[in-house]
file query-v7.txt (compact mmCIF, C-alpha atoms)
# COMPACT_ATOMS: atom_id res chain seq x y z
CA MET A 1 19.27 -5.05 6.22
CA THR A 2 20.94 -2.16 4.51
CA VAL A 3 22.20 0.79 6.49
CA ASN A 4 22.49 2.94 3.41
CA THR A 5 19.76 5.29 4.55
CA VAL A 6 20.05 9.02 4.95
CA ILE A 7 16.76 9.64 6.76
CA LYS A 8 16.58 7.33 9.72
CA ASP A 9 13.56 8.63 11.61
CA TYR A 10 10.24 6.99 10.72
CA ASN A 11 8.19 10.11 11.36
CA GLU A 12 10.53 12.17 9.25
CA VAL A 13 10.28 9.63 6.42
CA ILE A 14 6.46 9.72 6.32
CA SER A 15 6.25 13.47 6.91
CA SER A 16 8.77 14.49 4.28
CA ARG A 17 7.46 12.21 1.54
CA ARG A 18 5.73 14.32 -1.10
CA SER A 19 4.71 13.63 -4.65
CA VAL A 20 7.58 15.07 -6.67
CA ARG A 21 7.18 15.67 -10.39
CA VAL A 22 10.41 17.46 -11.32
CA TYR A 23 13.73 15.75 -10.68
CA ASP A 24 17.39 16.62 -10.99
CA PRO A 25 18.27 14.73 -14.20
CA SER A 26 21.94 14.45 -13.19
CA VAL A 27 21.14 12.15 -10.24
CA LYS A 28 21.31 8.45 -11.10
CA ILE A 29 20.45 5.75 -8.59
CA SER A 30 22.77 2.79 -9.03
CA ARG A 31 21.23 -0.60 -9.68
CA GLU A 32 22.89 -1.76 -6.48
CA GLU A 33 21.14 0.88 -4.40
CA MET A 34 17.87 0.33 -6.28
CA THR A 35 18.13 -3.34 -5.34
CA GLU A 36 18.50 -2.35 -1.68
CA ILE A 37 15.42 -0.13 -1.93
CA LEU A 38 13.48 -3.01 -3.49
CA GLU A 39 14.71 -5.41 -0.80
CA GLU A 40 13.38 -3.04 1.85
CA ALA A 41 10.10 -2.54 -0.02
CA THR A 42 9.49 -6.25 -0.38
CA LEU A 43 9.55 -6.76 3.37
CA ALA A 44 5.91 -5.70 2.96
CA PRO A 45 3.32 -8.39 3.68
CA SER A 46 1.21 -10.03 0.99
CA SER A 47 -1.65 -12.51 0.92
CA VAL A 48 -0.24 -15.84 2.13
CA ASN A 49 3.20 -14.33 1.42
CA LEU A 50 2.87 -14.93 -2.33
CA GLN A 51 4.76 -11.70 -3.08
CA PRO A 52 2.83 -11.20 -6.33
CA TRP A 53 4.60 -7.90 -7.12
CA ARG A 54 6.80 -7.57 -10.17
CA PHE A 55 8.93 -4.50 -10.85
CA LEU A 56 10.12 -3.21 -14.16
CA VAL A 57 12.78 -0.63 -13.36
CA ILE A 58 12.94 1.62 -16.38
CA ASP A 59 16.19 3.56 -16.22
CA SER A 60 17.65 3.39 -19.73
CA PRO A 61 17.10 5.97 -22.47
CA GLU A 62 15.44 3.28 -24.60
CA GLY A 63 13.13 2.18 -21.80
CA LYS A 64 12.19 5.75 -21.04
CA ALA A 65 11.49 6.47 -24.71
CA THR A 66 9.05 3.55 -24.75
CA LEU A 67 7.44 4.80 -21.55
CA GLU A 68 7.06 8.37 -22.81
CA GLU A 69 4.58 7.22 -25.41
CA LEU A 70 2.53 5.49 -22.72
CA ALA A 71 2.51 8.39 -20.26
CA PRO A 72 2.27 11.57 -22.35
CA GLY A 73 0.75 13.46 -19.41
CA ASN A 74 3.79 12.74 -17.25
CA LEU A 75 6.63 13.34 -19.70
CA HIS A 76 8.66 15.64 -17.53
CA GLN A 77 9.01 13.23 -14.63
CA VAL A 78 9.71 10.30 -16.96
CA LYS A 79 12.50 12.36 -18.53
CA THR A 80 14.04 13.87 -15.41
CA SER A 81 13.69 11.00 -12.90
CA SER A 82 16.49 8.57 -12.25
CA ALA A 83 14.07 5.73 -13.02
CA VAL A 84 10.41 4.94 -13.31
CA ILE A 85 9.38 1.69 -11.68
CA ALA A 86 6.40 0.00 -13.28
CA VAL A 87 4.65 -2.14 -10.68
CA PHE A 88 2.69 -5.16 -11.92
CA GLY A 89 0.79 -7.94 -10.19
CA ASP A 90 1.57 -11.43 -11.45
CA MET A 91 -1.54 -13.53 -12.14
CA ASN A 92 0.75 -16.61 -11.97
CA ALA A 93 2.14 -15.70 -8.54
CA PHE A 94 0.93 -18.96 -7.03
CA ASP A 95 3.57 -20.79 -9.10
CA ASN A 96 6.12 -19.50 -6.56
CA ALA A 97 4.27 -20.73 -3.47
CA ASP A 98 6.23 -23.95 -3.11
CA ASP A 99 9.60 -22.21 -3.56
CA ILE A 100 8.67 -19.54 -1.03
CA MET A 101 7.56 -22.01 1.60
CA SER A 102 10.47 -24.35 0.93
CA SER A 103 12.86 -21.49 1.61
CA ALA A 104 11.09 -20.87 4.95
CA VAL A 105 11.55 -24.58 5.77
CA GLU A 106 15.24 -24.37 4.85
CA ARG A 107 15.71 -21.35 7.09
CA GLY A 108 14.05 -23.18 9.98
CA PHE A 109 11.04 -20.82 10.08
CA LEU A 110 8.47 -23.47 9.15
CA PRO A 111 8.35 -27.21 9.97
CA GLN A 112 8.22 -29.38 6.84
CA GLU A 113 4.94 -31.05 7.85
CA VAL A 114 3.25 -27.69 8.49
CA LYS A 115 4.46 -26.51 5.10
CA GLU A 116 2.92 -29.53 3.40
CA GLN A 117 -0.43 -28.96 5.10
CA ILE A 118 -0.44 -25.25 4.26
CA MET A 119 0.57 -25.95 0.67
CA ALA A 120 -2.33 -28.42 0.32
CA ASN A 121 -4.76 -25.86 1.76
CA TYR A 122 -3.52 -23.09 -0.51
CA THR A 123 -3.57 -25.29 -3.58
CA ASP A 124 -7.22 -25.99 -2.83
CA LEU A 125 -7.99 -22.33 -2.09
CA PHE A 126 -6.26 -20.90 -5.15
CA GLY A 127 -7.73 -23.60 -7.35
CA ARG A 128 -11.19 -22.32 -6.47
CA ILE A 129 -10.70 -18.53 -6.35
CA SER A 130 -12.07 -16.55 -9.31
CA ALA A 131 -9.67 -14.71 -11.60
CA GLY A 132 -11.33 -11.43 -10.58
CA ALA A 133 -10.84 -12.06 -6.87
CA PHE A 134 -7.22 -13.15 -7.43
CA ARG A 135 -6.61 -10.04 -9.48
CA GLU A 136 -8.01 -7.79 -6.77
CA MET A 137 -5.93 -9.60 -4.15
CA ILE A 138 -2.66 -9.07 -6.03
CA VAL A 139 -3.53 -5.45 -6.84
CA ILE A 140 -4.03 -4.74 -3.12
CA ASP A 141 -0.72 -6.48 -2.30
CA CYS A 142 0.98 -4.32 -4.94
CA GLY A 143 -0.48 -1.25 -3.22
CA LEU A 144 1.16 -2.35 0.03
CA VAL A 145 4.59 -2.87 -1.54
CA SER A 146 4.33 0.38 -3.51
CA MET A 147 3.87 2.39 -0.33
CA GLN A 148 6.83 0.70 1.34
CA LEU A 149 8.84 1.33 -1.82
CA MET A 150 8.09 5.06 -1.73
CA LEU A 151 8.98 5.25 1.96
CA SER A 152 12.18 3.25 1.51
CA ALA A 153 13.17 5.53 -1.38
CA ARG A 154 12.60 8.49 0.92
CA ALA A 155 14.73 6.89 3.65
CA HIS A 156 17.48 6.68 1.02
CA GLY A 157 17.08 10.41 0.41
CA TYR A 158 15.10 10.12 -2.83
CA ASP A 159 11.72 11.39 -3.87
CA THR A 160 8.93 9.61 -5.68
CA ASN A 161 5.57 10.07 -7.32
CA PRO A 162 2.91 7.41 -7.76
CA ILE A 163 1.43 7.70 -11.26
CA GLY A 164 -1.92 6.26 -12.27
CA GLY A 165 -2.21 8.21 -15.53
CA TYR A 166 -0.63 6.02 -18.20
CA ASP A 167 -1.77 3.55 -20.80
CA LYS A 168 -2.36 0.47 -18.70
CA SER A 169 -3.77 -1.43 -21.66
CA ARG A 170 -0.48 -1.25 -23.56
CA ILE A 171 2.33 -1.16 -21.01
CA ALA A 172 2.95 -4.89 -20.57
CA GLU A 173 3.19 -5.61 -24.28
CA ALA A 174 5.26 -2.48 -24.92
CA PHE A 175 7.93 -4.01 -22.68
CA GLY A 176 7.58 -7.53 -24.05
CA MET A 177 5.55 -8.85 -21.11
CA ASP A 178 2.45 -11.05 -21.28
CA LYS A 179 -0.50 -8.70 -20.81
CA GLU A 180 -2.81 -11.45 -19.62
CA ARG A 181 -0.38 -12.37 -16.88
CA TYR A 182 0.94 -9.00 -15.68
CA VAL A 183 -1.65 -6.60 -14.26
CA PRO A 184 -0.42 -2.99 -14.30
CA VAL A 185 -0.84 -1.31 -10.91
CA MET A 186 1.06 1.98 -11.00
CA LEU A 187 4.22 3.73 -12.10
CA ILE A 188 6.51 5.18 -9.46
CA SER A 189 8.95 7.83 -10.60
CA ILE A 190 12.05 8.08 -8.42
CA GLY A 191 14.92 10.53 -8.22
CA LYS A 192 16.10 13.61 -6.42
CA ALA A 193 13.64 16.50 -6.32
CA ALA A 194 14.71 19.53 -8.36
CA LYS A 195 11.68 21.52 -7.35
CA GLU A 196 9.83 21.42 -4.08
CA ALA A 197 6.50 19.64 -4.32
CA ARG A 198 3.29 21.44 -3.53
CA LYS A 199 2.11 20.67 -0.02
CA THR A 200 -1.27 19.03 0.31
CA THR A 201 -3.82 18.71 3.10
CA ARG A 202 -5.62 15.75 4.58
CA LEU A 203 -9.21 15.31 5.64
CA PRO A 204 -9.63 15.29 9.42
CA ILE A 205 -9.84 11.76 10.83
CA ASP A 206 -13.49 12.18 11.82
CA ARG A 207 -14.29 12.51 8.11
CA VAL A 208 -12.65 9.19 7.21
CA ALA A 209 -13.01 7.00 10.31
CA GLN A 210 -15.74 5.81 12.58
CA TRP A 211 -15.67 3.59 15.65
CA LYS A 212 -17.86 0.56 16.19
CA MET B 1 3.08 15.30 13.83
CA THR B 2 2.84 13.09 16.85
CA VAL B 3 5.94 12.14 18.79
CA ASN B 4 4.14 9.30 20.54
CA THR B 5 6.25 6.66 18.83
CA VAL B 6 8.31 4.01 20.56
CA ILE B 7 10.22 2.76 17.52
CA LYS B 8 11.83 5.72 15.84
CA ASP B 9 14.12 4.08 13.31
CA TYR B 10 12.63 3.50 9.86
CA ASN B 11 14.63 0.37 9.18
CA GLU B 12 13.66 -1.07 12.53
CA VAL B 13 9.99 -0.32 11.82
CA ILE B 14 9.99 -2.17 8.49
CA SER B 15 12.23 -5.00 9.70
CA SER B 16 10.31 -5.73 12.89
CA ARG B 17 6.83 -5.65 11.34
CA ARG B 18 5.48 -9.19 11.16
CA SER B 19 2.00 -10.55 10.68
CA VAL B 20 0.83 -11.21 14.23
CA ARG B 21 -2.20 -13.38 14.87
CA VAL B 22 -2.25 -13.71 18.67
CA TYR B 23 -2.48 -10.57 20.78
CA ASP B 24 -2.40 -9.73 24.47
CA PRO B 25 -6.12 -9.16 25.12
CA SER B 26 -5.39 -6.85 28.07
CA VAL B 27 -3.81 -4.19 25.83
CA LYS B 28 -6.25 -1.54 24.66
CA ILE B 29 -5.24 1.24 22.27
CA SER B 30 -7.01 4.46 23.22
CA ARG B 31 -9.11 6.17 20.58
CA GLU B 32 -6.80 9.15 20.96
CA GLU B 33 -3.73 7.12 20.07
CA MET B 34 -5.62 5.29 17.31
CA THR B 35 -6.47 8.69 15.85
CA GLU B 36 -2.76 9.58 15.86
CA ILE B 37 -1.94 6.33 14.06
CA LEU B 38 -4.63 7.08 11.48
CA GLU B 39 -3.33 10.64 11.06
CA GLU B 40 0.12 9.25 10.31
CA ALA B 41 -1.28 6.58 7.98
CA THR B 42 -3.28 9.10 5.97
CA LEU B 43 -0.17 11.06 5.07
CA ALA B 44 -0.02 8.41 2.34
CA PRO B 45 -0.57 9.66 -1.19
CA SER B 46 -3.69 8.90 -3.22
CA SER B 47 -4.86 9.52 -6.76
CA VAL B 48 -5.30 13.30 -7.12
CA ASN B 49 -5.27 13.36 -3.28
CA LEU B 50 -8.89 12.16 -3.09
CA GLN B 51 -8.11 10.15 0.07
CA PRO B 52 -10.77 7.56 -0.80
CA TRP B 53 -9.99 5.43 2.28
CA ARG B 54 -12.57 4.92 4.99
CA PHE B 55 -11.80 3.18 8.27
CA LEU B 56 -14.17 1.34 10.52
CA VAL B 57 -12.31 0.85 13.78
CA ILE B 58 -13.98 -2.13 15.44
CA ASP B 59 -12.98 -2.10 19.10
CA SER B 60 -16.21 -2.74 21.04
CA PRO B 61 -17.46 -6.18 22.13
CA GLU B 62 -20.57 -5.66 19.98
CA GLY B 63 -18.56 -4.68 16.93
CA LYS B 64 -16.24 -7.63 17.37
CA ALA B 65 -19.18 -10.02 17.77
CA THR B 66 -20.51 -8.82 14.42
CA LEU B 67 -17.09 -9.24 12.87
CA GLU B 68 -16.57 -12.75 14.24
CA GLU B 69 -19.38 -14.03 12.07
CA LEU B 70 -17.76 -12.48 9.00
CA ALA B 71 -14.26 -13.79 9.69
CA PRO B 72 -14.67 -17.27 11.17
CA GLY B 73 -11.19 -18.25 10.02
CA ASN B 74 -9.62 -15.43 12.01
CA LEU B 75 -11.55 -15.61 15.27
CA HIS B 76 -8.58 -15.61 17.59
CA GLN B 77 -7.10 -12.38 16.33
CA VAL B 78 -10.50 -10.70 16.24
CA LYS B 79 -11.02 -11.68 19.88
CA THR B 80 -7.56 -10.89 21.24
CA SER B 81 -6.63 -7.77 19.27
CA SER B 82 -7.18 -4.29 20.62
CA ALA B 83 -9.13 -3.46 17.46
CA VAL B 84 -9.70 -4.62 13.94
CA ILE B 85 -9.73 -1.86 11.37
CA ALA B 86 -11.89 -2.53 8.33
CA VAL B 87 -10.54 -0.56 5.39
CA PHE B 88 -12.99 0.42 2.66
CA GLY B 89 -12.69 2.46 -0.51
CA ASP B 90 -15.42 5.08 -1.00
CA MET B 91 -16.94 5.05 -4.49
CA ASN B 92 -18.22 8.59 -3.76
CA ALA B 93 -14.77 9.90 -2.82
CA PHE B 94 -14.88 12.55 -5.52
CA ASP B 95 -17.59 14.36 -3.51
CA ASN B 96 -14.77 15.54 -1.22
CA ALA B 97 -12.56 16.93 -3.99
CA ASP B 98 -13.73 20.52 -3.63
CA ASP B 99 -13.38 20.49 0.18
CA ILE B 100 -9.89 18.97 -0.06
CA MET B 101 -8.67 21.51 -2.59
CA SER B 102 -10.35 24.42 -0.82
CA SER B 103 -8.47 23.53 2.35
CA ALA B 104 -5.21 23.60 0.36
CA VAL B 105 -6.16 27.06 -0.91
CA GLU B 106 -6.92 28.22 2.64
CA ARG B 107 -3.55 26.95 3.87
CA GLY B 108 -1.80 28.82 1.06
CA PHE B 109 -0.60 25.64 -0.68
CA LEU B 110 -2.61 26.18 -3.86
CA PRO B 111 -3.57 29.42 -5.67
CA GLN B 112 -7.34 29.77 -6.05
CA GLU B 113 -7.16 30.04 -9.85
CA VAL B 114 -5.07 26.88 -10.11
CA LYS B 115 -7.56 25.09 -7.88
CA GLU B 116 -10.42 26.10 -10.16
CA GLN B 117 -8.62 24.82 -13.24
CA ILE B 118 -7.67 21.53 -11.57
CA MET B 119 -11.21 21.06 -10.25
CA ALA B 120 -12.61 21.56 -13.75
CA ASN B 121 -10.14 19.02 -15.16
CA TYR B 122 -10.91 16.46 -12.47
CA THR B 123 -14.65 16.93 -12.81
CA ASP B 124 -14.26 16.14 -16.49
CA LEU B 125 -11.93 13.19 -15.83
CA PHE B 126 -14.03 11.59 -13.10
CA GLY B 127 -17.20 12.16 -15.07
CA ARG B 128 -15.79 9.94 -17.82
CA ILE B 129 -13.98 7.21 -15.85
CA SER B 130 -15.69 3.80 -15.66
CA ALA B 131 -16.92 2.50 -12.32
CA GLY B 132 -14.51 -0.43 -12.66
CA ALA B 133 -11.50 1.82 -13.22
CA PHE B 134 -12.52 4.09 -10.34
CA ARG B 135 -12.95 1.06 -8.10
CA GLU B 136 -9.49 -0.24 -8.98
CA MET B 137 -8.01 3.21 -8.39
CA ILE B 138 -9.47 3.51 -4.89
CA VAL B 139 -8.54 -0.09 -4.01
CA ILE B 140 -4.90 0.64 -4.90
CA ASP B 141 -4.99 3.86 -2.83
CA CYS B 142 -6.38 1.84 0.08
CA GLY B 143 -3.44 -0.55 -0.30
CA LEU B 144 -1.07 2.41 0.07
CA VAL B 145 -2.73 3.73 3.22
CA SER B 146 -3.01 0.24 4.72
CA MET B 147 0.75 -0.26 4.49
CA GLN B 148 1.44 3.10 6.10
CA LEU B 149 -1.11 2.24 8.79
CA MET B 150 0.68 -1.03 9.63
CA LEU B 151 4.03 0.74 9.76
CA SER B 152 2.69 3.59 11.89
CA ALA B 153 1.15 1.06 14.28
CA ARG B 154 4.55 -0.62 14.51
CA ALA B 155 6.22 2.74 15.21
CA HIS B 156 3.77 3.09 18.09
CA GLY B 157 4.92 -0.29 19.38
CA TYR B 158 1.93 -2.29 18.15
CA ASP B 159 1.61 -5.26 15.86
CA THR B 160 -0.79 -5.88 13.01
CA ASN B 161 -1.99 -8.43 10.52
CA PRO B 162 -3.59 -7.71 7.16
CA ILE B 163 -6.55 -10.06 6.66
CA GLY B 164 -8.05 -10.87 3.28
CA GLY B 165 -10.09 -13.86 4.45
CA TYR B 166 -13.47 -12.49 5.51
CA ASP B 167 -16.90 -12.13 4.00
CA LYS B 168 -16.42 -9.10 1.79
CA SER B 169 -19.90 -9.47 0.34
CA ARG B 170 -21.55 -8.87 3.72
CA ILE B 171 -19.26 -6.62 5.77
CA ALA B 172 -20.57 -3.21 4.72
CA GLU B 173 -24.22 -4.05 5.37
CA ALA B 174 -23.37 -5.85 8.62
CA PHE B 175 -22.11 -2.51 9.93
CA GLY B 176 -24.91 -0.43 8.46
CA MET B 177 -22.89 0.88 5.52
CA ASP B 178 -24.00 1.15 1.91
CA LYS B 179 -22.47 -1.86 0.13
CA GLU B 180 -22.66 -0.24 -3.30
CA ARG B 181 -20.67 2.72 -2.04
CA TYR B 182 -18.07 1.14 0.27
CA VAL B 183 -15.69 -1.36 -1.35
CA PRO B 184 -14.09 -3.69 1.24
CA VAL B 185 -10.31 -3.81 0.88
CA MET B 186 -8.91 -5.59 3.94
CA LEU B 187 -9.12 -5.98 7.69
CA ILE B 188 -6.14 -5.02 9.80
CA SER B 189 -5.97 -6.47 13.30
CA ILE B 190 -3.94 -4.36 15.71
CA GLY B 191 -2.69 -4.91 19.24
CA LYS B 192 0.30 -6.08 21.20
CA ALA B 193 1.72 -9.45 20.16
CA ALA B 194 1.28 -12.19 22.77
CA LYS B 195 3.14 -14.72 20.67
CA GLU B 196 6.01 -14.13 18.32
CA ALA B 197 5.02 -14.34 14.69
CA ARG B 198 6.55 -16.91 12.41
CA LYS B 199 9.34 -15.41 10.34
CA THR B 200 8.93 -15.50 6.59
CA THR B 201 11.29 -15.27 3.65
CA ARG B 202 11.28 -13.15 0.54
CA LEU B 203 12.08 -13.99 -3.06
CA PRO B 204 15.44 -12.61 -4.18
CA ILE B 205 15.10 -9.35 -6.09
CA ASP B 206 16.20 -10.93 -9.37
CA ARG B 207 13.07 -13.08 -9.22
CA VAL B 208 10.73 -10.07 -8.93
CA ALA B 209 12.51 -7.24 -10.75
CA GLN B 210 14.01 -6.61 -14.13
CA TRP B 211 15.71 -3.58 -15.59
CA LYS B 212 14.85 -1.94 -18.91

call {"tool": "encode", "arguments": {"input": "query-v7.txt", "output": "structure tokens"}}
result
Amino acid sequence: MTVNTVIKDYNEVISSRRSVRVYDPSVKISREEMTEILEEATLAPSSVNLQPWRFLVIDSPEGKATLEELAPGNLHQVKTSSAVIAVFGDMNAFDNADDIMSSAVERGFLPQEVKEQIMANYTDLFGRISAGAFREMIVIDCGLVSMQLMLSARAHGYDTNPIGGYDKSRIAEAFGMDKERYVPVMLISIGKAAKEARKTTRLPIDRVAQWK
Amino acid sequence: MTVNTVIKDYNEVISSRRSVRVYDPSVKISREEMTEILEEATLAPSSVNLQPWRFLVIDSPEGKATLEELAPGNLHQVKTSSAVIAVFGDMNAFDNADDIMSSAVERGFLPQEVKEQIMANYTDLFGRISAGAFREMIVIDCGLVSMQLMLSARAHGYDTNPIGGYDKSRIAEAFGMDKERYVPVMLISIGKAAKEARKTTRLPIDRVAQWK
């Protein structure tokens, strides 16, 4: 686990995260540090640990130029951020199941015979699940990892903004990805805030929760 | 912000979170502390801050008995956990938009005239969006809050497990909720681990990320 964090306190991380839309364009996050942030993010759980998230880290001028056309309402943050991470769910994520479980066997986390039984169960389960249900499952898992990505970025001293307003119908193909396979979930801009974000309020818990 | 946390370090929170399926049945989380955990969780961002998440905190014997029928594959964690939180997305979440923005105006975070302009834009936008796109939007937002909920629970010293395997077609009605309005996203069991969770591995970042 990296120790390259500048905000160590959990409550400070969640309390100081705000949706930032204007970044200092001179701040560049190295690919090494971005990899650390992604490693921390992907400690998130996912359905049967399939890890269906795929990240396109758009940090080059060419990549950003392509993205600008797809997110005309969010030009300023695309331009000024260090990177924009496009999060996709992989409809073929089950193809990795054997690799993932084999690596758990190798590490001594899972007995081989248990792995074989689980793999048989999952092969049956994912052979029967509808494409719509699988899609919803991976979209939810991508929501989980996206939150942990924004928090991990904050722990590294960076700011983020989750963006839903972009052309989801064109983004995969625009970056040479198979649009049937990769389901667009959100964009996350990341960088160092140049302008303080507007504070927001939250509904009281009795408006969003009930006990049973 | 609460200070009722036992794990303060962000990296420790994300590194020690594991999917726990067997809890100490003697540990009960008070509704007061659960409210704190939910307050921390709901600091998560959501599309235009609509906060479309709704939580049904199932902690009574009657509530759990109802849930057991809907999650027969996860009986043990339903029985032994302190609570199971059913997370739903509210298809009517936009009904709260005016209240949410008015409270930001009251707190001095948003000028009244800006609020009126934004509200007009959103009313137009959400009047045109398809039910399917709105549903996907709120499901993603519920993924974000669910991750922050699991981390906040961990910071409070509790363990969790996100559960996708339950009868999503029946859960709303089983608890007297409108099934057209409330979209089931996941269950999250929460309590104190009685048995260490199996460790899992993650794909290397070069298998899930590319740079552009």

call {"tool": "axis_aligned_box", "arguments": {"input": "query-v7.txt", "around": "stretch 134-150 of chain B", "padding_each_side": "3 Å", "output": "AutoDock Vina command-line options"}}
result
--center_x -5.8 --center_y 1.5 --center_z -0.4 --size_x 20.4 --size_y 11.1 --size_z 26.0

call {"tool": "interface_residues", "arguments": {"input": "query-v7.txt", "of": "chain A", "to": "chain B", "cutoff": "6 Å", "atoms": "only C-alpha atoms", "output": "MDAnalysis selection string"}}
result
chainID A and resid 8:10 54:58 63 104 109 140 143:144 147 199 201 208:212

call {"tool": "residues_around", "arguments": {"input": "query-v7.txt", "residues": "A:Ala71", "least_positions_apart": "2", "cutoff": "7 Å", "atoms": "only C-alpha atoms", "output": "VMD selection string"}}
result
chain A and resid 67 to 69 73 to 75 165 to 167

call {"tool": "atom_distance", "arguments": {"input": "query-v7.txt", "atom1": "atom CA of B:Thr123", "atom2": "atom CA of A:Arg21"}}
result
22.0 Å
